[in-house]
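For reference, work-v5.cif is printed below; it contains mmCIF, C-alpha atoms.
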data_work
#
loop_
_atom_site.group_PDB
_atom_site.id
_atom_site.type_symbol
_atom_site.label_atom_id
_atom_site.label_comp_id
_atom_site.auth_asym_id
_atom_site.auth_seq_id
_atom_site.Cartn_x
_atom_site.Cartn_y
_atom_site.Cartn_z
ATOM 1 C CA ASP A 1 -47.478 -34.744 14.355
ATOM 2 C CA GLN A 2 -44.736 -33.352 12.120
ATOM 3 C CA GLN A 3 -41.310 -34.673 13.022
ATOM 4 C CA VAL A 4 -39.569 -32.492 10.414
ATOM 5 C CA LYS A 5 -40.677 -28.888 10.062
ATOM 6 C CA GLN A 6 -39.888 -26.158 7.619
ATOM 7 C CA ASN A 7 -41.595 -23.100 9.018
ATOM 8 C CA SER A 8 -40.882 -20.751 6.128
ATOM 9 C CA PRO A 9 -43.045 -21.606 3.129
ATOM 10 C CA SER A 10 -41.186 -19.183 0.898
ATOM 11 C CA LEU A 11 -37.973 -17.180 0.625
ATOM 12 C CA SER A 12 -36.947 -14.524 -1.871
ATOM 13 C CA VAL A 13 -33.265 -13.667 -2.369
ATOM 14 C CA GLN A 14 -31.357 -11.504 -4.787
ATOM 15 C CA GLU A 15 -28.931 -13.178 -7.174
ATOM 16 C CA GLY A 16 -25.419 -13.323 -5.732
ATOM 17 C CA ARG A 17 -26.583 -13.138 -2.121
ATOM 18 C CA ILE A 18 -26.770 -15.967 0.411
ATOM 19 C CA SER A 19 -29.894 -18.090 0.714
ATOM 20 C CA ILE A 20 -30.499 -19.713 4.097
ATOM 21 C CA LEU A 21 -33.173 -22.374 4.380
ATOM 22 C CA ASN A 22 -34.075 -23.684 7.819
ATOM 23 C CA CYS A 23 -35.397 -26.962 9.156
ATOM 24 C CA ASP A 24 -36.299 -28.181 12.650
ATOM 25 C CA TYR A 25 -36.835 -31.731 13.827
ATOM 26 C CA THR A 26 -38.137 -33.413 16.948
ATOM 27 C CA ASN A 27 -36.597 -36.898 16.966
ATOM 28 C CA SER A 28 -33.033 -37.008 18.288
ATOM 29 C CA MET A 29 -32.607 -40.555 16.910
ATOM 30 C CA PHE A 30 -32.466 -39.481 13.259
ATOM 31 C CA ASP A 31 -29.195 -40.706 11.664
ATOM 32 C CA TYR A 32 -28.919 -38.626 8.526
ATOM 33 C CA PHE A 33 -30.427 -35.445 7.216
ATOM 34 C CA LEU A 34 -30.828 -34.683 3.546
ATOM 35 C CA TRP A 35 -31.831 -31.760 1.388
ATOM 36 C CA TYR A 36 -33.709 -32.217 -1.844
ATOM 37 C CA LYS A 37 -34.547 -29.692 -4.532
ATOM 38 C CA LYS A 38 -37.691 -29.962 -6.629
ATOM 39 C CA TYR A 39 -38.511 -28.190 -9.883
ATOM 40 C CA PRO A 40 -42.092 -28.222 -11.220
ATOM 41 C CA ALA A 41 -43.002 -31.433 -13.082
ATOM 42 C CA GLU A 42 -39.844 -33.166 -11.842
ATOM 43 C CA GLY A 43 -39.127 -35.452 -8.937
ATOM 44 C CA PRO A 44 -37.078 -34.296 -5.941
ATOM 45 C CA THR A 45 -33.350 -34.244 -6.670
ATOM 46 C CA PHE A 46 -30.844 -35.089 -3.946
ATOM 47 C CA LEU A 47 -28.668 -32.108 -3.081
ATOM 48 C CA ILE A 48 -26.581 -32.717 0.019
ATOM 49 C CA SER A 49 -26.670 -34.745 3.224
ATOM 50 C CA ILE A 50 -25.154 -34.678 6.684
ATOM 51 C CA SER A 51 -24.600 -37.361 9.266
ATOM 52 C CA SER A 52 -25.896 -36.772 12.780
ATOM 53 C CA ILE A 53 -22.291 -37.044 14.037
ATOM 54 C CA LYS A 54 -21.168 -34.060 11.955
ATOM 55 C CA ASP A 55 -22.023 -30.397 12.289
ATOM 56 C CA LYS A 56 -21.153 -29.207 8.801
ATOM 57 C CA ASN A 57 -20.958 -30.578 5.281
ATOM 58 C CA GLU A 58 -19.992 -28.577 2.222
ATOM 59 C CA ASP A 59 -20.388 -29.249 -1.491
ATOM 60 C CA GLY A 60 -19.557 -26.385 -3.800
ATOM 61 C CA ARG A 61 -22.033 -23.564 -3.257
ATOM 62 C CA PHE A 62 -24.080 -25.640 -0.824
ATOM 63 C CA THR A 63 -23.338 -26.052 2.885
ATOM 64 C CA VAL A 64 -25.496 -27.769 5.461
ATOM 65 C CA PHE A 65 -25.123 -27.003 9.160
ATOM 66 C CA LEU A 66 -26.466 -29.224 11.927
ATOM 67 C CA ASN A 67 -27.111 -28.052 15.497
ATOM 68 C CA LYS A 68 -28.107 -31.163 17.401
ATOM 69 C CA SER A 69 -28.735 -29.463 20.708
ATOM 70 C CA ALA A 70 -31.269 -27.190 19.030
ATOM 71 C CA LYS A 71 -32.522 -29.956 16.692
ATOM 72 C CA HIS A 72 -32.030 -27.550 13.833
ATOM 73 C CA LEU A 73 -30.354 -27.677 10.465
ATOM 74 C CA SER A 74 -29.896 -25.135 7.745
ATOM 75 C CA LEU A 75 -28.883 -25.100 4.101
ATOM 76 C CA HIS A 76 -26.754 -22.193 2.883
ATOM 77 C CA ILE A 77 -26.461 -21.437 -0.818
ATOM 78 C CA VAL A 78 -23.703 -18.989 -1.723
ATOM 79 C CA PRO A 79 -23.848 -17.290 -4.142
ATOM 80 C CA SER A 80 -27.495 -17.771 -5.062
ATOM 81 C CA GLN A 81 -28.303 -18.106 -8.757
ATOM 82 C CA PRO A 82 -31.609 -17.820 -10.641
ATOM 83 C CA GLY A 83 -31.390 -21.541 -11.464
ATOM 84 C CA ASP A 84 -31.602 -22.267 -7.732
ATOM 85 C CA SER A 85 -35.252 -21.165 -7.772
ATOM 86 C CA ALA A 86 -37.147 -24.294 -6.708
ATOM 87 C CA VAL A 87 -38.837 -25.912 -3.723
ATOM 88 C CA TYR A 88 -36.360 -27.242 -1.158
ATOM 89 C CA PHE A 89 -37.259 -30.142 1.111
ATOM 90 C CA CYS A 90 -35.474 -31.087 4.278
ATOM 91 C CA ALA A 91 -35.661 -34.805 5.101
ATOM 92 C CA ALA A 92 -34.497 -37.074 7.908
ATOM 93 C CA THR A 93 -33.806 -40.787 7.806
ATOM 94 C CA ASP A 94 -35.830 -43.028 10.097
ATOM 95 C CA THR A 95 -34.685 -46.641 9.578
ATOM 96 C CA ASP A 96 -35.543 -47.188 5.915
ATOM 97 C CA LYS A 97 -37.751 -44.233 5.208
ATOM 98 C CA LEU A 98 -37.319 -40.543 4.615
ATOM 99 C CA ILE A 99 -39.437 -38.116 6.618
ATOM 100 C CA PHE A 100 -39.882 -34.871 4.750
ATOM 101 C CA GLY A 101 -40.725 -31.344 5.780
ATOM 102 C CA THR A 102 -43.350 -29.372 3.886
ATOM 103 C CA GLY A 103 -40.801 -27.513 1.777
ATOM 104 C CA THR A 104 -39.616 -23.940 1.263
ATOM 105 C CA ARG A 105 -40.060 -22.251 -2.092
ATOM 106 C CA LEU A 106 -36.908 -20.298 -2.938
ATOM 107 C CA GLN A 107 -37.040 -17.571 -5.533
ATOM 108 C CA VAL A 108 -33.778 -15.986 -6.670
ATOM 109 C CA PHE A 109 -34.340 -12.740 -8.540
ATOM 110 C CA PRO A 110 -31.812 -10.755 -10.642
ATOM 111 C CA GLU B 1 -27.375 -44.952 -17.016
ATOM 112 C CA THR B 2 -31.135 -44.318 -16.988
ATOM 113 C CA GLY B 3 -32.834 -42.682 -14.023
ATOM 114 C CA VAL B 4 -36.045 -43.639 -12.264
ATOM 115 C CA THR B 5 -38.994 -43.649 -14.645
ATOM 116 C CA GLN B 6 -42.661 -43.740 -13.728
ATOM 117 C CA SER B 7 -45.769 -44.377 -15.763
ATOM 118 C CA PRO B 8 -48.241 -43.016 -16.466
ATOM 119 C CA THR B 9 -47.479 -39.340 -15.836
ATOM 120 C CA HIS B 10 -51.124 -38.445 -15.295
ATOM 121 C CA LEU B 11 -54.171 -40.511 -14.457
ATOM 122 C CA ILE B 12 -57.814 -39.756 -13.771
ATOM 123 C CA LYS B 13 -59.974 -42.273 -11.920
ATOM 124 C CA THR B 14 -63.336 -42.244 -10.183
ATOM 125 C CA ARG B 15 -64.015 -43.030 -6.560
ATOM 126 C CA GLY B 16 -64.127 -46.766 -5.831
ATOM 127 C CA GLN B 17 -61.938 -47.763 -8.770
ATOM 128 C CA GLN B 18 -58.554 -49.452 -8.576
ATOM 129 C CA VAL B 19 -55.285 -48.119 -9.980
ATOM 130 C CA THR B 20 -51.810 -49.490 -10.699
ATOM 131 C CA LEU B 21 -48.809 -47.203 -10.944
ATOM 132 C CA ARG B 22 -45.487 -48.408 -12.310
ATOM 133 C CA CYS B 23 -41.877 -47.600 -11.634
ATOM 134 C CA SER B 24 -38.649 -48.639 -13.260
ATOM 135 C CA SER B 25 -35.748 -48.276 -10.854
ATOM 136 C CA GLN B 26 -32.384 -46.842 -11.692
ATOM 137 C CA SER B 27 -29.950 -49.482 -12.913
ATOM 138 C CA GLY B 28 -28.201 -51.293 -10.054
ATOM 139 C CA HIS B 29 -30.679 -50.118 -7.404
ATOM 140 C CA ASN B 30 -32.260 -52.924 -5.375
ATOM 141 C CA THR B 31 -34.403 -50.851 -3.016
ATOM 142 C CA VAL B 32 -37.538 -49.008 -4.079
ATOM 143 C CA SER B 33 -39.779 -46.753 -2.008
ATOM 144 C CA TRP B 34 -43.111 -45.135 -2.759
ATOM 145 C CA TYR B 35 -44.281 -41.772 -1.465
ATOM 146 C CA GLN B 36 -47.510 -39.800 -1.682
ATOM 147 C CA GLN B 37 -47.256 -36.031 -2.005
ATOM 148 C CA ALA B 38 -50.447 -34.073 -1.447
ATOM 149 C CA LEU B 39 -50.679 -30.485 -2.613
ATOM 150 C CA GLY B 40 -48.590 -28.166 -0.423
ATOM 151 C CA GLN B 41 -47.115 -31.024 1.577
ATOM 152 C CA GLY B 42 -43.886 -32.951 1.607
ATOM 153 C CA PRO B 43 -43.757 -36.533 0.347
ATOM 154 C CA GLN B 44 -45.214 -39.076 2.795
ATOM 155 C CA PHE B 45 -43.683 -42.569 2.960
ATOM 156 C CA ILE B 46 -46.037 -45.364 1.851
ATOM 157 C CA PHE B 47 -43.754 -48.413 1.843
ATOM 158 C CA GLN B 48 -40.400 -49.756 0.756
ATOM 159 C CA TYR B 49 -39.325 -52.956 -1.005
ATOM 160 C CA TYR B 50 -35.911 -54.558 -0.800
ATOM 161 C CA ARG B 51 -35.128 -57.657 -2.845
ATOM 162 C CA GLU B 52 -38.830 -58.177 -3.579
ATOM 163 C CA GLU B 53 -39.885 -58.132 0.092
ATOM 164 C CA GLU B 54 -41.740 -55.325 1.862
ATOM 165 C CA ASN B 55 -39.185 -53.687 4.125
ATOM 166 C CA GLY B 56 -41.146 -51.021 5.946
ATOM 167 C CA ARG B 57 -44.527 -49.364 5.751
ATOM 168 C CA GLY B 58 -45.869 -45.940 6.579
ATOM 169 C CA ASN B 59 -49.250 -44.982 7.977
ATOM 170 C CA PHE B 60 -51.313 -46.061 4.958
ATOM 171 C CA PRO B 61 -54.252 -48.506 4.925
ATOM 172 C CA PRO B 62 -53.974 -52.032 3.443
ATOM 173 C CA ARG B 63 -55.731 -50.952 0.243
ATOM 174 C CA PHE B 64 -52.317 -49.521 -0.673
ATOM 175 C CA SER B 65 -50.194 -52.462 -1.766
ATOM 176 C CA GLY B 66 -47.087 -53.003 -3.818
ATOM 177 C CA LEU B 67 -44.827 -55.386 -5.636
ATOM 178 C CA GLN B 68 -41.178 -55.438 -6.590
ATOM 179 C CA PHE B 69 -40.071 -57.648 -9.459
ATOM 180 C CA PRO B 70 -36.770 -59.518 -10.017
ATOM 181 C CA ASN B 71 -35.585 -56.761 -12.352
ATOM 182 C CA TYR B 72 -36.270 -54.301 -9.486
ATOM 183 C CA SER B 73 -39.151 -52.589 -11.235
ATOM 184 C CA SER B 74 -42.112 -51.963 -8.966
ATOM 185 C CA GLU B 75 -45.853 -51.386 -8.822
ATOM 186 C CA LEU B 76 -48.081 -49.474 -6.440
ATOM 187 C CA ASN B 77 -51.693 -50.636 -6.340
ATOM 188 C CA VAL B 78 -54.485 -48.701 -4.698
ATOM 189 C CA ASN B 79 -57.927 -50.273 -4.298
ATOM 190 C CA ALA B 80 -61.251 -48.606 -3.556
ATOM 191 C CA LEU B 81 -59.987 -45.150 -4.477
ATOM 192 C CA GLU B 82 -61.078 -42.234 -2.318
ATOM 193 C CA LEU B 83 -61.108 -38.536 -3.168
ATOM 194 C CA ASP B 84 -58.243 -37.943 -0.706
ATOM 195 C CA ASP B 85 -56.038 -40.305 -2.721
ATOM 196 C CA SER B 86 -55.633 -37.513 -5.266
ATOM 197 C CA ALA B 87 -51.944 -36.686 -5.105
ATOM 198 C CA LEU B 88 -48.558 -36.981 -6.770
ATOM 199 C CA TYR B 89 -47.142 -40.477 -6.285
ATOM 200 C CA LEU B 90 -43.378 -40.655 -6.275
ATOM 201 C CA CYS B 91 -41.175 -43.682 -6.681
ATOM 202 C CA ALA B 92 -37.606 -43.604 -5.409
ATOM 203 C CA SER B 93 -34.791 -46.112 -5.686
ATOM 204 C CA SER B 94 -31.478 -46.463 -3.928
ATOM 205 C CA PRO B 95 -28.400 -48.645 -4.332
ATOM 206 C CA ALA B 96 -27.170 -50.992 -1.642
ATOM 207 C CA SER B 97 -24.081 -48.811 -1.176
ATOM 208 C CA GLU B 98 -26.173 -45.878 0.038
ATOM 209 C CA ARG B 99 -28.733 -47.699 2.194
ATOM 210 C CA ALA B 100 -27.118 -46.468 5.390
ATOM 211 C CA LYS B 101 -27.529 -42.848 4.354
ATOM 212 C CA ASN B 102 -30.871 -43.590 2.730
ATOM 213 C CA ILE B 103 -30.084 -41.389 -0.263
ATOM 214 C CA GLN B 104 -32.971 -42.030 -2.608
ATOM 215 C CA TYR B 105 -33.325 -41.054 -6.251
ATOM 216 C CA PHE B 106 -36.781 -40.019 -7.342
ATOM 217 C CA GLY B 107 -38.793 -40.296 -10.511
ATOM 218 C CA ALA B 108 -40.947 -37.450 -11.790
ATOM 219 C CA GLY B 109 -44.078 -38.997 -10.312
ATOM 220 C CA THR B 110 -47.590 -39.928 -11.389
ATOM 221 C CA ARG B 111 -50.269 -37.321 -10.830
ATOM 222 C CA LEU B 112 -53.462 -39.173 -9.785
ATOM 223 C CA SER B 113 -56.795 -37.375 -9.758
ATOM 224 C CA VAL B 114 -59.788 -39.132 -8.182
ATOM 225 C CA LEU B 115 -63.184 -37.694 -9.135
#
So, in terms of structure tokens, how does the structure I just supplied come out?
Amino acid sequence: DQQVKQNSPSLSVQEGRISILNCDYTNSMFDYFLWYKKYPAEGPTFLISISSIKDKNEDGRFTVFLNKSAKHLSLHIVPSQPGDSAVYFCAATDTDKLIFGTGTRLQVFP
Amino acid sequence: ETGVTQSPTHLIKTRGQQVTLRCSSQSGHNTVSWYQQALGQGPQFIFQYYREEENGRGNFPPRFSGLQFPNYSSELNVNALELDDSALYLCASSPASERAKNIQYFGAGTRLSVL
């Protein structure tokens, strides 16, 4: 029973365009949502987070949007760069643990 | 400031054996969590330690056990290895200041193969 779902296993975007990665969740009690980026042979790297009481958080090229009524969040990357090519994980906090989605592989091509 | 380091990077064991994985937390971080990441999946929470006490456990059997030491380094022990234990094991640490948000900083992981 997956509480955090990333239904798109992969996404391909041209350099300079917007990348939109989506995530759905089932538990309305989650307090925080986080996005992590993972390169091969490295651990996940924290990217950006959002509190459940907010609907938007922005950090440079990265913006996360939260729609609580739809139990949906999305990560926007503008403009996309080749170095953004990685696997992106959405995660939710449940007391002291993180619950991760299965990830979306983003490829940014020139 | 050093990040989270894990050792070894790769390990091959046979079914039924026992394994110990090690993690050195980021300086100043007093909480450590362990995750298992199977191929094509997201990391799955195993357990967390805070100030040397287990502080939460995921849906893993008792043959998965851990320790946290006074210097906040940590071990994950797995007994009676099964083929399905083959995975990437990730250690993550977090400082007290970010416990509420549960922002965790990950090591590169140990790739365990059980034959």
Which residues of stretch 55-109 of chain B come within 8 Å of stretch 10-21 of chain B, and for each one, what is the closest pair of atoms and their distance in Å to one decimal, counting only C-alpha atoms, sorted by chain and residue number, as CSV?
residue,atom,partner,partner_atom,distance
B:Glu75,CA,B:Leu21,CA,5.5
B:Leu76,CA,B:Leu21,CA,5.1
B:Asn77,CA,B:Thr20,CA,4.5
B:Val78,CA,B:Val19,CA,5.4
B:Asn79,CA,B:Gln18,CA,4.4
B:Ala80,CA,B:Gly16,CA,4.1
B:Leu81,CA,B:Gly16,CA,4.6
B:Glu82,CA,B:Arg15,CA,5.2
B:Leu83,CA,B:Arg15,CA,6.3
Close residues, A:Gly101 itself excluded, 7 Å, all atoms listed in the file, min 2 positions apart in chain, as a PDB file with C-alpha atoms, in the coordinates of the input:
ATOM      1  CA  VAL A   4     -39.569 -32.492  10.414  1.00  0.00           C
ATOM      2  CA  LYS A   5     -40.677 -28.888  10.062  1.00  0.00           C
ATOM      3  CA  GLN A   6     -39.888 -26.158   7.619  1.00  0.00           C
ATOM      4  CA  PHE A  89     -37.259 -30.142   1.111  1.00  0.00           C
ATOM      5  CA  CYS A  90     -35.474 -31.087   4.278  1.00  0.00           C
ATOM      6  CA  ALA A  91     -35.661 -34.805   5.101  1.00  0.00           C
ATOM      7  CA  ILE A  99     -39.437 -38.116   6.618  1.00  0.00           C
ATOM      8  CA  GLY A 103     -40.801 -27.513   1.777  1.00  0.00           C
TER       9      GLY A 103
ATOM     10  CA  GLY B  42     -43.886 -32.951   1.607  1.00  0.00           C
TER      11      GLY B  42
END
Quick one: apply the PyMOL selection byres ((chain A and resi 37-41) around 10) to the file and drop the selected residues here as a compact mmCIF listing (two decimals) with C-alpha atoms, in the frame of the given file.
# COMPACT_ATOMS: atom_id res chain seq x y z
CA TRP A 35 -31.83 -31.76 1.39
CA TYR A 36 -33.71 -32.22 -1.84
CA GLU A 42 -39.84 -33.17 -11.84
CA GLY A 43 -39.13 -35.45 -8.94
CA PRO A 44 -37.08 -34.30 -5.94
CA THR A 45 -33.35 -34.24 -6.67
CA PHE A 46 -30.84 -35.09 -3.95
CA LEU A 47 -28.67 -32.11 -3.08
CA ILE A 48 -26.58 -32.72 0.02
CA GLY A 83 -31.39 -21.54 -11.46
CA ASP A 84 -31.60 -22.27 -7.73
CA SER A 85 -35.25 -21.16 -7.77
CA ALA A 86 -37.15 -24.29 -6.71
CA VAL A 87 -38.84 -25.91 -3.72
CA TYR A 88 -36.36 -27.24 -1.16
CA PHE A 89 -37.26 -30.14 1.11
CA CYS A 90 -35.47 -31.09 4.28
CA GLY A 103 -40.80 -27.51 1.78
CA THR A 104 -39.62 -23.94 1.26
CA ARG A 105 -40.06 -22.25 -2.09
CA LEU A 106 -36.91 -20.30 -2.94
CA THR B 9 -47.48 -39.34 -15.84
CA ALA B 108 -40.95 -37.45 -11.79
CA GLY B 109 -44.08 -39.00 -10.31
CA THR B 110 -47.59 -39.93 -11.39
CA ARG B 111 -50.27 -37.32 -10.83
Choose the residue, out of A:Ser69, A:Ser80, A:Asn27, A:Ser49, that has the smallest atom-to-atom separation from chain B; count all atoms listed in the file. A:Ser49
Provide the atom CA of B:Arg57 to atom CA of B:Gln6 distance in Å, to one decimal place. 20.4 Å
Distance atom CA of A:Thr26-atom CA of B:Trp34, one decimal place? 23.5 Å
Could you tell me, as a ChimeraX atom specification, which residues have any atom at most 12 Å from (-21.3, -31.7, 6.1), counting all atoms listed in the file? /A:32-35,47-60,62-67,73-76
Exercise: B:Gln37 partners within 8 Å, all atoms listed in the file, chain neighbours under 5 positions left out, as a PyMOL selection string: chain B and resi 42-44+87-90
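The two atoms in question, atom CA of A:Gln14 and atom CA of A:Thr102, are spaced 23.2 Å apart.
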Expanded to explicit residues, what is the PyMOL selection byres ((chain B and resi 46-55) around 6) for this file, as number ranges by chain? B: 31-35, 45, 56-58, 68
Here is a test: counting all atoms listed in the file, which residue of B:Ser86, B:Ser65, B:Ser73, B:Ser93 is nearest to chain A? B:Ser93
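When the PyMOL selection byres ((chain A and resi 11) around 9) is run on the displayed coordinates, the residues it returns are Ser8, Pro9, Ser10, Ser12, Val13, Ser19, Ile20, Leu21, Thr104, Arg105, Leu106, Gln107 and Val108 of chain A.
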Edge lengths and centre in Å, axis-aligned, stretch 93-112 of chain B plus 6 Å each side, as lines of an AutoDock Vina configuration file:
center_x = -38.8
center_y = -44.2
center_z = -3.2
size_x = 41.4
size_y = 25.7
size_z = 29.2
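Compared by their closest atoms to chain B, and using only C-alpha atoms, the residues A:Gln2, A:Arg61, A:Ile77, A:Lys68 rank with A:Gln2 nearest.
Only residues having an atom at most 6 Å from (-31.1, -13.6, -8.9) are included; using only C-alpha atoms, these are A:Gln14, A:Glu15, A:Gln81, A:Pro82, A:Val108, A:Phe109, A:Pro110.
Restricting the calculation to only C-alpha atoms, the smallest distance between chain A and any of B:Asp84, B:Phe69, B:Pro62, B:Thr5 is found for B:Thr5.
Closest to B:Leu115 among B:His29, B:Leu67, B:Val4, B:Asp85 is B:Asp85, based on all atoms listed in the file.
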